[in-house]
Each structure stands twice: as structure tokens, then as C-alpha cells.
$ cat query-v4.cif   # mmCIF, C-alpha atoms
data_target
loop_
_atom_site.label_atom_id
_atom_site.label_comp_id
_atom_site.auth_asym_id
_atom_site.auth_seq_id
_atom_site.Cartn_x
_atom_site.Cartn_y
_atom_site.Cartn_z
CA MET A 1 7.34 -6.95 -16.61
CA THR A 2 10.46 -8.93 -15.98
CA GLU A 3 12.65 -8.87 -12.88
CA THR A 4 14.89 -5.83 -13.06
CA LEU A 5 17.40 -6.89 -10.39
CA PRO A 6 19.31 -10.18 -10.31
CA LEU A 7 18.18 -12.23 -7.29
CA ALA A 8 21.59 -12.10 -5.58
CA GLU A 9 21.69 -8.30 -5.82
CA ALA A 10 18.08 -8.05 -4.64
CA LYS A 11 18.88 -10.20 -1.60
CA SER A 12 21.95 -8.13 -0.78
CA LEU A 13 20.07 -4.82 -1.06
CA VAL A 14 17.19 -6.09 1.08
CA ALA A 15 19.60 -7.34 3.76
CA ARG A 16 21.30 -3.93 3.86
CA ALA A 17 17.97 -2.12 3.90
CA ARG A 18 16.76 -4.31 6.80
CA ALA A 19 19.84 -3.26 8.73
CA GLY A 20 18.88 0.39 8.29
CA ASP A 21 20.91 1.31 5.19
CA PHE A 22 18.86 4.03 3.51
CA GLY A 23 21.20 4.02 0.51
CA ALA A 24 20.10 0.44 -0.20
CA LEU A 25 16.47 1.42 0.24
CA GLU A 26 16.90 4.26 -2.23
CA ARG A 27 18.46 1.88 -4.74
CA LEU A 28 15.38 -0.37 -4.40
CA TYR A 29 13.13 2.64 -4.82
CA ARG A 30 14.95 3.87 -7.93
CA THR A 31 14.84 0.39 -9.47
CA TYR A 32 11.11 -0.13 -9.02
CA GLU A 33 9.59 3.37 -8.96
CA ARG A 34 8.73 3.35 -12.66
CA PRO A 35 7.09 -0.10 -12.87
CA VAL A 36 5.18 0.58 -9.62
CA TYR A 37 4.01 3.96 -10.89
CA THR A 38 2.99 2.49 -14.25
CA LEU A 39 0.97 -0.26 -12.56
CA ALA A 40 -0.62 2.33 -10.28
CA ARG A 41 -1.55 4.54 -13.26
CA ARG A 42 -3.32 1.59 -14.85
CA LEU A 43 -5.23 0.70 -11.70
CA THR A 44 -6.20 4.16 -10.44
CA ARG A 45 -8.18 7.09 -11.72
CA SER A 46 -5.56 9.82 -11.87
CA ALA A 47 -1.85 10.60 -11.88
CA GLU A 48 -2.24 12.00 -8.34
CA ASP A 49 -3.77 8.76 -7.08
CA ALA A 50 -0.94 6.82 -8.74
CA GLU A 51 1.66 9.01 -7.01
CA ASP A 52 0.01 8.30 -3.66
CA VAL A 53 0.06 4.57 -4.40
CA LEU A 54 3.76 4.81 -5.29
CA GLN A 55 4.50 6.46 -1.94
CA GLU A 56 2.29 4.10 0.08
CA THR A 57 3.82 1.08 -1.66
CA PHE A 58 7.40 1.95 -0.78
CA LEU A 59 6.51 2.85 2.78
CA GLU A 60 4.94 -0.59 3.07
CA VAL A 61 8.05 -2.12 1.48
CA CYS A 62 10.20 -0.36 4.12
CA ARG A 63 7.94 -1.68 6.91
CA SER A 64 7.67 -5.23 5.59
CA LEU A 65 11.13 -6.04 4.22
CA ARG A 66 11.44 -8.95 6.62
CA GLN A 67 8.45 -10.61 5.01
CA TRP A 68 10.26 -11.07 1.68
CA ARG A 69 11.94 -14.42 2.15
CA GLY A 70 14.24 -14.17 -0.85
CA ASP A 71 12.95 -17.35 -2.47
CA GLY A 72 10.79 -15.56 -5.04
CA SER A 73 10.85 -12.54 -7.29
CA LEU A 74 11.36 -9.26 -5.43
CA TRP A 75 9.42 -7.46 -8.16
CA GLY A 76 6.54 -9.93 -7.78
CA TRP A 77 6.40 -9.17 -4.06
CA ILE A 78 6.56 -5.38 -4.53
CA ARG A 79 4.03 -5.56 -7.38
CA THR A 80 1.48 -7.33 -5.20
CA ILE A 81 1.89 -4.67 -2.51
CA ALA A 82 1.36 -1.96 -5.16
CA ALA A 83 -1.70 -3.70 -6.62
CA SER A 84 -3.18 -4.12 -3.12
CA LYS A 85 -2.62 -0.46 -2.31
CA ALA A 86 -4.20 0.64 -5.60
CA LEU A 87 -7.19 -1.69 -5.30
CA MET A 88 -7.67 -0.72 -1.66
CA ARG A 89 -8.60 2.74 -2.94
CA TYR A 90 -11.61 1.19 -4.69
CA ARG A 91 -12.68 -0.45 -1.47
CA ARG A 92 -12.22 2.76 0.51
CA GLU A 93 -14.53 4.52 -1.93
CA LYS A 94 -17.01 1.65 -1.49
CA LEU A 95 -17.17 0.97 -5.23
CA ARG A 96 -20.05 3.39 -5.46
CA GLU A 97 -19.34 4.71 -8.92
CA TRP A 98 -18.39 1.42 -10.52
CA GLU A 99 -21.73 0.14 -11.69
CA PRO A 100 -23.16 3.46 -12.89
CA LEU A 101 -19.92 4.18 -14.73
CA ASP A 102 -20.11 0.76 -16.29
CA ASP A 103 -23.59 1.54 -17.61
CA ASP A 104 -22.57 4.98 -18.80
CA VAL A 105 -19.67 3.53 -20.72
CA ALA A 106 -21.94 0.91 -22.24
CA ARG A 107 -24.39 3.52 -23.43
CA ALA A 108 -21.79 5.91 -24.76
CA GLY A 109 -19.48 3.36 -26.26
CA GLU A 110 -21.67 0.71 -27.78
CA ASP A 111 -24.20 2.78 -29.67
CA VAL A 112 -21.79 5.27 -31.22
CA PRO A 113 -18.92 4.03 -33.38
CA LEU A 114 -15.71 5.37 -31.88
CA ARG A 115 -12.24 5.58 -33.31
CA MET A 116 -9.55 5.92 -30.72
CA ASP A 117 -6.11 4.61 -29.94
CA LEU A 118 -5.50 1.84 -27.45
CA GLU A 119 -4.31 4.20 -24.71
CA ALA A 120 -7.52 6.23 -24.89
CA ALA A 121 -9.70 3.11 -25.12
CA LEU A 122 -8.02 1.60 -22.06
CA GLN A 123 -8.55 4.82 -20.13
CA ARG A 124 -12.22 4.80 -21.12
CA LEU A 125 -12.87 1.39 -19.58
CA PRO A 126 -14.53 1.32 -16.14
CA GLU A 127 -11.84 1.13 -13.46
CA ARG A 128 -12.41 -2.40 -12.37
CA SER A 129 -12.52 -3.71 -15.95
CA ARG A 130 -9.29 -1.89 -16.70
CA ALA A 131 -7.72 -3.31 -13.55
CA VAL A 132 -8.69 -6.86 -14.50
CA VAL A 133 -7.40 -6.49 -18.08
CA TRP A 134 -4.13 -5.02 -16.92
CA LEU A 135 -3.49 -7.48 -14.11
CA HIS A 136 -4.37 -10.50 -16.27
CA ASP A 137 -3.12 -9.66 -19.76
CA VAL A 138 -0.07 -7.53 -18.91
CA GLU A 139 1.05 -8.49 -15.41
CA GLY A 140 0.14 -12.16 -15.81
CA TYR A 141 -2.02 -12.61 -12.70
CA THR A 142 -4.42 -15.57 -12.79
CA HIS A 143 -8.15 -15.06 -12.33
CA GLU A 144 -7.84 -16.67 -8.89
CA GLU A 145 -5.14 -14.18 -7.87
CA ILE A 146 -7.15 -11.24 -9.21
CA ALA A 147 -10.26 -12.45 -7.37
CA GLU A 148 -8.29 -12.57 -4.14
CA LEU A 149 -6.77 -9.12 -4.68
CA MET A 150 -10.14 -7.56 -5.50
CA GLY A 151 -12.20 -9.47 -2.98
CA MET A 152 -14.39 -10.87 -5.76
CA THR A 153 -14.96 -14.27 -7.37
CA THR A 154 -12.99 -15.85 -10.22
CA SER A 155 -16.09 -15.86 -12.42
CA PHE A 156 -16.36 -12.11 -11.82
CA SER A 157 -12.77 -11.68 -13.00
CA LYS A 158 -13.40 -13.80 -16.11
CA SER A 159 -16.58 -11.98 -17.07
CA GLN A 160 -14.96 -8.55 -16.52
CA LEU A 161 -12.07 -9.56 -18.77
CA ALA A 162 -14.45 -10.70 -21.51
CA ARG A 163 -16.57 -7.54 -21.30
CA ALA A 164 -13.48 -5.35 -21.37
CA HIS A 165 -12.16 -7.11 -24.47
CA ASP A 166 -15.55 -6.84 -26.19
CA ARG A 167 -15.49 -3.09 -25.61
CA LEU A 168 -11.90 -2.60 -26.66
CA ARG A 169 -12.56 -4.52 -29.86
CA ARG A 170 -15.67 -2.46 -30.64
CA TRP A 171 -13.99 0.86 -29.92
CA LEU A 172 -10.80 0.10 -31.78
CA GLY A 173 -12.23 -1.97 -34.62
CA ALA A 174 -11.23 -5.61 -34.91
CA GLY A 175 -7.78 -6.07 -36.35
CA VAL A 176 -7.06 -2.30 -36.59
CA GLU A 177 -3.71 -1.20 -35.16
CA GLY A 178 -4.06 1.19 -32.22
CA MET B 1 -30.35 -28.31 -39.16
CA SER B 2 -29.81 -25.93 -36.24
CA GLU B 3 -27.64 -22.83 -36.55
CA MET B 4 -24.05 -23.24 -35.30
CA ARG B 5 -23.27 -21.43 -32.00
CA HIS B 6 -20.14 -19.27 -31.94
CA ALA B 7 -17.70 -19.27 -29.04
CA THR B 8 -18.19 -16.48 -26.50
CA SER B 9 -15.42 -14.04 -25.65
CA GLU B 10 -14.99 -15.77 -22.30
CA GLU B 11 -14.53 -19.12 -24.03
CA LEU B 12 -12.06 -17.65 -26.53
CA LEU B 13 -10.10 -15.96 -23.73
CA ALA B 14 -9.90 -19.26 -21.85
CA LEU B 15 -8.57 -20.91 -25.02
CA ARG B 16 -6.05 -18.10 -25.50
CA ASP B 17 -4.88 -18.62 -21.91
CA GLY B 18 -4.48 -22.38 -22.40
CA GLU B 19 -7.60 -23.35 -20.46
CA GLY B 20 -10.17 -23.70 -23.24
CA SER B 21 -12.62 -26.58 -23.46
CA ALA B 22 -12.39 -29.32 -26.09
CA TRP B 23 -15.55 -27.95 -27.69
CA THR B 24 -14.05 -24.45 -28.05
CA ARG B 25 -10.86 -25.87 -29.53
CA GLU B 26 -12.73 -27.93 -32.09
CA HIS B 27 -15.11 -25.09 -32.89
CA VAL B 28 -12.34 -22.55 -33.46
CA ALA B 29 -10.56 -25.00 -35.77
CA ALA B 30 -13.71 -25.14 -37.92
CA CYS B 31 -15.01 -21.54 -37.62
CA ALA B 32 -13.15 -18.74 -39.41
CA ALA B 33 -15.00 -15.99 -37.46
CA CYS B 34 -14.05 -17.43 -34.06
CA ALA B 35 -10.49 -18.12 -35.24
CA ALA B 36 -10.24 -14.44 -36.21
CA GLY B 37 -11.71 -13.48 -32.80
CA LEU B 38 -9.06 -15.54 -31.05
CA GLU B 39 -6.34 -13.92 -33.14
CA ASP B 40 -7.70 -10.46 -32.19
CA LEU B 41 -7.52 -11.36 -28.50
CA GLU B 42 -3.91 -12.49 -28.86
CA GLN B 43 -3.04 -9.30 -30.73
CA MET B 44 -4.76 -7.16 -28.13
CA ARG B 45 -2.70 -8.74 -25.36
CA SER B 46 0.51 -8.07 -27.29
CA ARG B 47 -0.48 -4.47 -27.91
CA LEU B 48 -1.34 -3.92 -24.24
CA ARG B 49 2.04 -5.31 -23.21
CA ALA B 50 3.76 -2.99 -25.69
CA LEU B 51 2.25 0.20 -24.24
CA PRO B 52 4.94 2.53 -22.87
CA SER B 53 5.55 2.83 -19.14
CA PHE B 54 4.94 6.03 -17.17
CA ALA B 55 7.58 8.05 -15.35
CA PRO B 56 6.45 9.57 -12.03
CA PRO B 57 6.03 13.34 -12.51
CA ARG B 58 7.78 14.15 -9.23
CA ASP B 59 10.52 12.53 -7.21
CA ARG B 60 8.74 10.99 -4.22
CA TRP B 61 11.87 9.45 -2.68
CA PRO B 62 12.55 12.37 -0.26
CA VAL B 63 9.00 12.03 1.14
CA VAL B 64 9.28 8.23 1.35
CA GLU B 65 12.68 8.47 3.04
CA GLN B 66 11.52 11.03 5.60
CA ALA B 67 8.41 9.03 6.43
CA ALA B 68 10.38 5.76 6.63
CA ARG B 69 12.97 7.33 8.96
CA SER B 70 10.18 8.73 11.16
CA GLU B 71 8.44 5.36 11.33
CA ARG B 72 11.66 3.53 12.17
CA ARG B 73 12.44 6.07 14.85
CA ARG B 74 8.88 5.81 16.17
CA ARG B 75 9.13 2.03 16.42
CA ARG B 76 12.38 2.31 18.34
CA PHE B 77 10.78 4.95 20.53
CA SER B 78 7.69 2.81 21.21
CA ALA B 79 9.88 -0.13 22.15
CA GLY B 80 12.01 2.02 24.45
CA ILE B 81 9.38 4.13 26.15
CA GLY B 82 8.22 1.36 28.49
CA THR B 83 11.76 0.55 29.58
CA LEU B 84 12.58 4.16 30.33
CA ALA B 85 9.36 4.79 32.18
CA ALA B 86 9.62 1.57 34.16
CA ALA B 87 13.15 2.43 35.24
CA ALA B 88 12.05 5.90 36.30
CA VAL B 89 9.09 4.51 38.25
CA LEU B 90 11.35 2.04 40.07
CA VAL B 91 13.92 4.67 40.99
CA LEU B 92 11.39 7.23 42.12
CA GLY B 93 9.08 4.72 43.77
CA PHE B 94 12.00 3.55 45.89
CA ALA B 95 12.88 7.12 46.76
CA VAL B 96 9.26 7.93 47.68
CA LEU B 97 9.09 4.87 49.94
CA ARG B 98 12.17 6.00 51.76
CA HIS B 99 10.63 9.40 52.42
CA PRO B 100 6.91 8.59 52.81
CA LYS B 101 5.93 11.60 54.80
CA ALA B 102 7.27 14.41 52.69
CA PRO B 103 4.32 16.48 51.35
CA GLU B 104 6.03 16.77 47.96
CA ASP B 105 5.81 12.97 47.56
CA ALA B 106 2.04 13.09 47.23
CA ALA B 107 2.40 15.53 44.34
CA VAL B 108 4.98 13.26 42.70
CA ARG B 109 2.76 10.19 43.11
CA GLN B 110 -0.20 12.06 41.64
CA ALA B 111 1.84 13.26 38.63
CA MET B 112 3.23 9.74 38.10
CA ALA B 113 -0.30 8.30 38.11
CA GLU B 114 -1.42 10.86 35.50
CA SER B 115 1.56 10.00 33.33
CA ALA B 116 0.92 6.25 33.64
CA ALA B 117 -2.75 6.70 32.71
CA MET B 118 -1.86 8.75 29.63
CA GLU B 119 0.81 6.26 28.62
CA GLN B 120 -1.79 3.50 28.70
CA VAL B 121 -4.03 5.51 26.36
CA PHE B 122 -1.07 6.16 24.04
CA ARG B 123 -0.17 2.48 23.87
CA SER B 124 -3.79 1.48 23.20
CA LEU B 125 -3.60 3.51 19.97
CA GLN B 126 -0.87 1.16 18.67
CA PRO B 127 1.33 4.05 17.46
CA ASP B 128 3.78 1.76 15.65
CA GLN B 129 0.95 0.49 13.44
CA ARG B 130 0.00 3.93 12.15
CA ALA B 131 1.10 5.79 9.03
CA LEU B 132 1.87 9.50 9.23
CA THR B 133 2.26 12.12 6.53
CA GLY B 134 5.65 13.85 6.34
CA ARG B 135 4.41 16.95 8.20
CA THR B 136 2.69 15.04 11.00
CA ALA B 137 5.73 12.79 11.32
CA GLY B 138 7.80 15.94 12.04
CA VAL B 139 5.43 16.99 14.84
CA VAL B 140 5.55 13.47 16.33
CA ALA B 141 9.34 13.35 16.12
CA ASP B 142 9.58 16.67 18.01
CA LEU B 143 7.23 15.45 20.76
CA GLU B 144 9.16 12.18 21.05
CA ASP B 145 12.46 14.09 21.37
CA ARG B 146 11.07 16.14 24.22
CA LEU B 147 9.66 13.06 25.90
CA ALA B 148 13.05 11.35 25.65
CA GLN B 149 14.66 14.38 27.35
CA VAL B 150 12.10 14.25 30.18
CA ASP B 151 12.65 10.49 30.61
CA ALA B 152 16.42 11.04 30.75
CA ALA B 153 15.97 13.63 33.51
CA LEU B 154 13.59 11.33 35.42
CA ASN B 155 16.11 8.50 35.29
CA ASP B 156 18.47 10.48 37.49
CA PRO B 157 18.30 8.71 40.91
CA SER B 158 19.29 11.81 42.84
CA ALA B 159 16.56 13.94 41.29
CA LEU B 160 13.84 13.36 43.90
CA ARG B 161 16.08 13.97 46.88
CA ALA B 162 17.52 17.08 45.27
CA ASP B 163 14.32 18.71 44.06
CA PRO B 164 10.99 16.84 44.53
CA GLU B 165 8.97 19.74 43.12
CA ARG B 166 10.96 19.65 39.92
CA VAL B 167 10.39 15.91 39.64
CA ALA B 168 6.64 16.35 40.05
CA GLY B 169 6.84 18.97 37.30
CA LEU B 170 8.73 16.57 35.04
CA TRP B 171 6.07 13.87 35.49
CA LYS B 172 3.35 16.41 34.69
CA GLN B 173 5.32 17.47 31.63
CA ARG B 174 5.59 13.81 30.62
CA ALA B 175 1.82 13.34 30.93
CA GLY B 176 1.28 16.47 28.82
CA LEU B 177 3.63 15.29 26.05
CA LEU B 178 1.95 11.88 25.98
CA SER B 179 -1.43 13.60 25.78
CA ALA B 180 -0.20 15.63 22.79
CA LEU B 181 1.03 12.42 21.10
CA VAL B 182 -2.35 10.78 21.70
CA ASP B 183 -4.03 13.80 20.12
CA VAL B 184 -1.81 13.68 17.01
CA HIS B 185 -2.29 9.94 16.53
CA GLU B 186 -6.04 10.13 17.03
CA THR B 187 -6.60 12.99 14.65
CA ARG B 188 -3.95 12.77 11.97
CA ALA B 189 -2.65 9.23 11.68
CA THR B 190 -4.20 6.31 9.83
CA TYR B 191 -3.68 2.62 10.33
CA ALA B 192 -1.02 1.28 8.03
CA GLY B 193 -0.71 -2.14 6.50
CA LEU B 194 -1.96 -3.99 3.46
#

$ encode --input "query-v4.cif" --output "C-alpha cells"
Amino acid sequence: MTETLPLAEAKSLVARARAGDFGALERLYRTYERPVYTLARRLTRSAEDAEDVLQETFLEVCRSLRQWRGDGSLWGWIRTIAASKALMRYRREKLREWEPLDDDVARAGEDVPLRMDLEAALQRLPERSRAVVWLHDVEGYTHEEIAELMGMTTSFSKSQLARAHDRLRRWLGAGVEG
Amino acid sequence: MSEMRHATSEELLALRDGEGSAWTREHVAACAACAAGLEDLEQMRSRLRALPSFAPPRDRWPVVEQAARSERRRRRFSAGIGTLAAAAVLVLGFAVLRHPKAPEDAAVRQAMAESAAMEQVFRSLQPDQRALTGRTAGVVADLEDRLAQVDAALNDPSALRADPERVAGLWKQRAGLLSALVDVHETRATYAGL
């Protein structure tokens, strides 16, 4: 995902929003609602959860506008807020279904040859594996950044990425277009 | 001669991401299977990046805007409440001191103490650090409006002399409104923040 607002325009909108201009805030919302929602869909279980993350993210943006110093990407800042909000849902649910789900997926997916498209295969991955794949391969986060966001270790992030790719390759068939 | 070990997925991913070891690099250059595995990983990343984005099914901006306006208003309110109350206490305290024997003054002092105690509870909940849903934010905004009206009435320096009973009633009303705010924040608000 590339920056969708030139830095000068982003700075101007943020300055207006800080001063209480809700028109500027709406412009920020309209610019980033789709990428935030897409990220949230990839990191959460359902469309409803993703909608909640979208709302929580922009409320946090409204509260924290002063923390964006204007020397980095506005999208990068908003994206990290969105990822934190989405991943916080895992923590709130105490990760209880992660490991069993992981095992279930392993049993169902590795013994039976499956043919599915990439979208379905991605959805079938356990949540935390999907989150690691998306954050690393699509959003470009490093393993260190992912570890910090998820409260895990970098070796955890690396092994989750490898396991996720092994599964995707098995389910989709190596070299087959999804 | 021992069988050649293939690179693991983790090793191939590290190589794909520019962090692979010298061994992995040399192995992939000599092993067609691992070279194909590396190519698959690169293709998979490209395909993931090419997946379409999602459009939110509903427009959430009106909810975000309402909640943001409520929070902003609440922060201003929280910052102002102490100033208003302190001014009222000073004005009325001075008036009570000038008329220490009036029986109504005891009622005013009692009501002021109740209000101060409830205000302390309200502040301890850190209301400006809490997130509210749109509906709860509406309830809070209404209570804050009424509290602002009471504070405005209490800031009238002639109020005590003119009608001490009414002033005692206003302080009681203030304590009641603060109690309602405490109740809303305790039961329906959650701490905000990353």
C-alpha cells in the first residue's frame, strides 16, 4: 500500500483537524477508510469485527493527531494504529482458540488434497498465521515489528510465516495460479 | 556420500527477503527444487499483494464523527468542570462565611460537601480516557449540559443571599448529576487507547 496523500496535503489536513475542523477529519477518513478496512478484514475473523476496527482506528486517530509529527508517512502511522486495534482483539480473547484451530487446520488441510483460490486459502489459515503473512508479505512489516505488535518473538513470526506459506503452497498447488 | 539437505521454508523466506545465509544462497544456486521453491514464494507474495481491497459495507463516518465530537466536548468539559466548581465554591464559601449563623448555610455546606465527594469519584474514573458508544455518548452529553447549567447558576454571586434554599438544591442537583455520570462511566464506558 502506497501513501495516498502527498505529505504536504496530509500535514495541512492534520493541522486543520487538530484545530477542530471536522471537514478535514472527514477527508482523512474518506482517504484511508478502504485501506484500513482491508487491513482489518485480513487481520480479523469477520466483516463485523473489521468494521469495529475501522471505527476504533479513526476514533484513535482523532484522539492522537498530535502524536503524528509529520516527518513520516501518515498512512504508516494510521496503519499501525489499525493493526494494533485488530491484534488487540486477539489479546482480549486471550488467544484461546488459536492453537486448537491451528491443529484443526493442519488435520483438515494437510491430509486431504484441496483445490481452492488464494482468497479462500488465505481465509482458511489460522488467524495469527494470516496476520503474520499479511503484515509481512503485503504491508511490508519486518519480523521485529510484527513481534512487537503481536507481543511475541521474532522467531515466532518467522516460523508462523513459514508454516503459513507451506500450507498455502499445499492447498493451492505449487506454481498453480490462484 | 550423505544425502544433500534441502533448504527449509524459513531459510528460503529469509533469502527471498534479502536476509538469507551464504549456505542457503549457494544451495539454491545448485538445487533446482529449492530454486523452484524460492520462485513459488516470490510468486505467492506478488499474488497476495494483487488481491483486491475491500470496501466497508456501511458508512461509519457519521458514527465516528458523533463519537469524536462527544469525546472532544467531554475533554473540554472535564478541563472546565474544576474551574467552574472552584469558582462556585469560592463565591459561596465567602457568602457563607459572611452569614455563619443562618440555618440554611448548614444545608448548603452539606450539599457542597456531597457534590465535592462525588466530583472526586468522577475524576478518579478518568472520564477523558474512556471511549463511549454513540448512544452512551448522547446520554453523557445530556448530563454534561445539565451540569453546565447548574454550574452557571451556582456562579451567580447573589444567589446565596437571594435564595439559600435554592442554592442548597442546586448543589444537591449537582451531586446527583455527577453521580449519574459516574454510573454511566462505570457501567458503559471502556478505557480507550492503543

$ closest_residue --input "query-v4.cif" --among "A:Leu5, A:Leu118, A:Val132, A:Met152" --to "A:Trp171" --atoms "only C-alpha atoms"
A:Leu118

$ interface_residues --input "query-v4.cif" --of "chain A" --to "chain B" --cutoff "9 Å" --atoms "all atoms listed in the file" --output "ChimeraX atom specification"
/A:1,20,22,25-26,29-30,33-35,37-39,41,47,50-51,54-56,58-60,62-64,81,84-85,88,118-119,122,133-134,137-139,158-159,161-163,165-166,168-169,174-175,177-178

$ resolve_selection --input "query-v4.cif" --expression "the PyMOL selection byres ((chain B and resi 181-187) around 7)" --output "PyMOL selection string"
chain B and resi 122+127+140+143+177-180+188-189

$ closest_residue --input "query-v4.cif" --among "A:Gln160, A:Ser129, A:Ser155, A:Thr80" --to "A:Tyr141" --atoms "only C-alpha atoms"
A:Thr80

$ atom_distance --input "query-v4.cif" --atom1 "atom CA of B:Val167" --atom2 "atom CA of B:Glu144"
19.0 Å

$ closest_residue --input "query-v4.cif" --among "A:Ala24, A:Trp68, A:Arg18, A:Leu87" --to "A:Ala40" --atoms "all atoms listed in the file"
A:Leu87

$ closest_residue --input "query-v4.cif" --among "A:Gly23, A:Leu65, A:Arg42, A:Thr31" --to "A:Lys11" --atoms "all atoms listed in the file"
A:Leu65

$ atom_distance --input "query-v4.cif" --atom1 "atom CA of B:Ser70" --atom2 "atom CA of B:Asp145"
11.8 Å

$ atom_distance --input "query-v4.cif" --atom1 "atom CA of A:Gly173" --atom2 "atom CA of A:Leu135"
23.0 Å

$ closest_residue --input "query-v4.cif" --among "A:His143, A:Arg167, A:Arg128, A:Arg45" --to "B:Glu19" --atoms "all atoms listed in the file"
A:His143

$ residues_around --input "query-v4.cif" --residues "A:Glu145" --least-positions-apart "3" --cutoff "10 Å" --atoms "only C-alpha atoms" --output "count of residues only"
13

$ resolve_selection --input "query-v4.cif" --expression "the PyMOL selection byres ((chain B and resi 149) around 12)" --output "PyMOL selection string"
chain B and resi 81+84-85+142-148+150-156+170-171+173-174+177

$ residues_around --input "query-v4.cif" --residues "A:Asp71" --least-positions-apart "3" --cutoff "12 Å" --atoms "all atoms listed in the file" --output "PyMOL selection string"
chain A and resi 7-8+10-11+67-68+74-77

$ residues_around --input "query-v4.cif" --residues "A:Ala86" --least-positions-apart "4" --cutoff "7 Å" --atoms "all atoms listed in the file" --output "number ranges by chain"
A: 40, 43-44, 53, 82
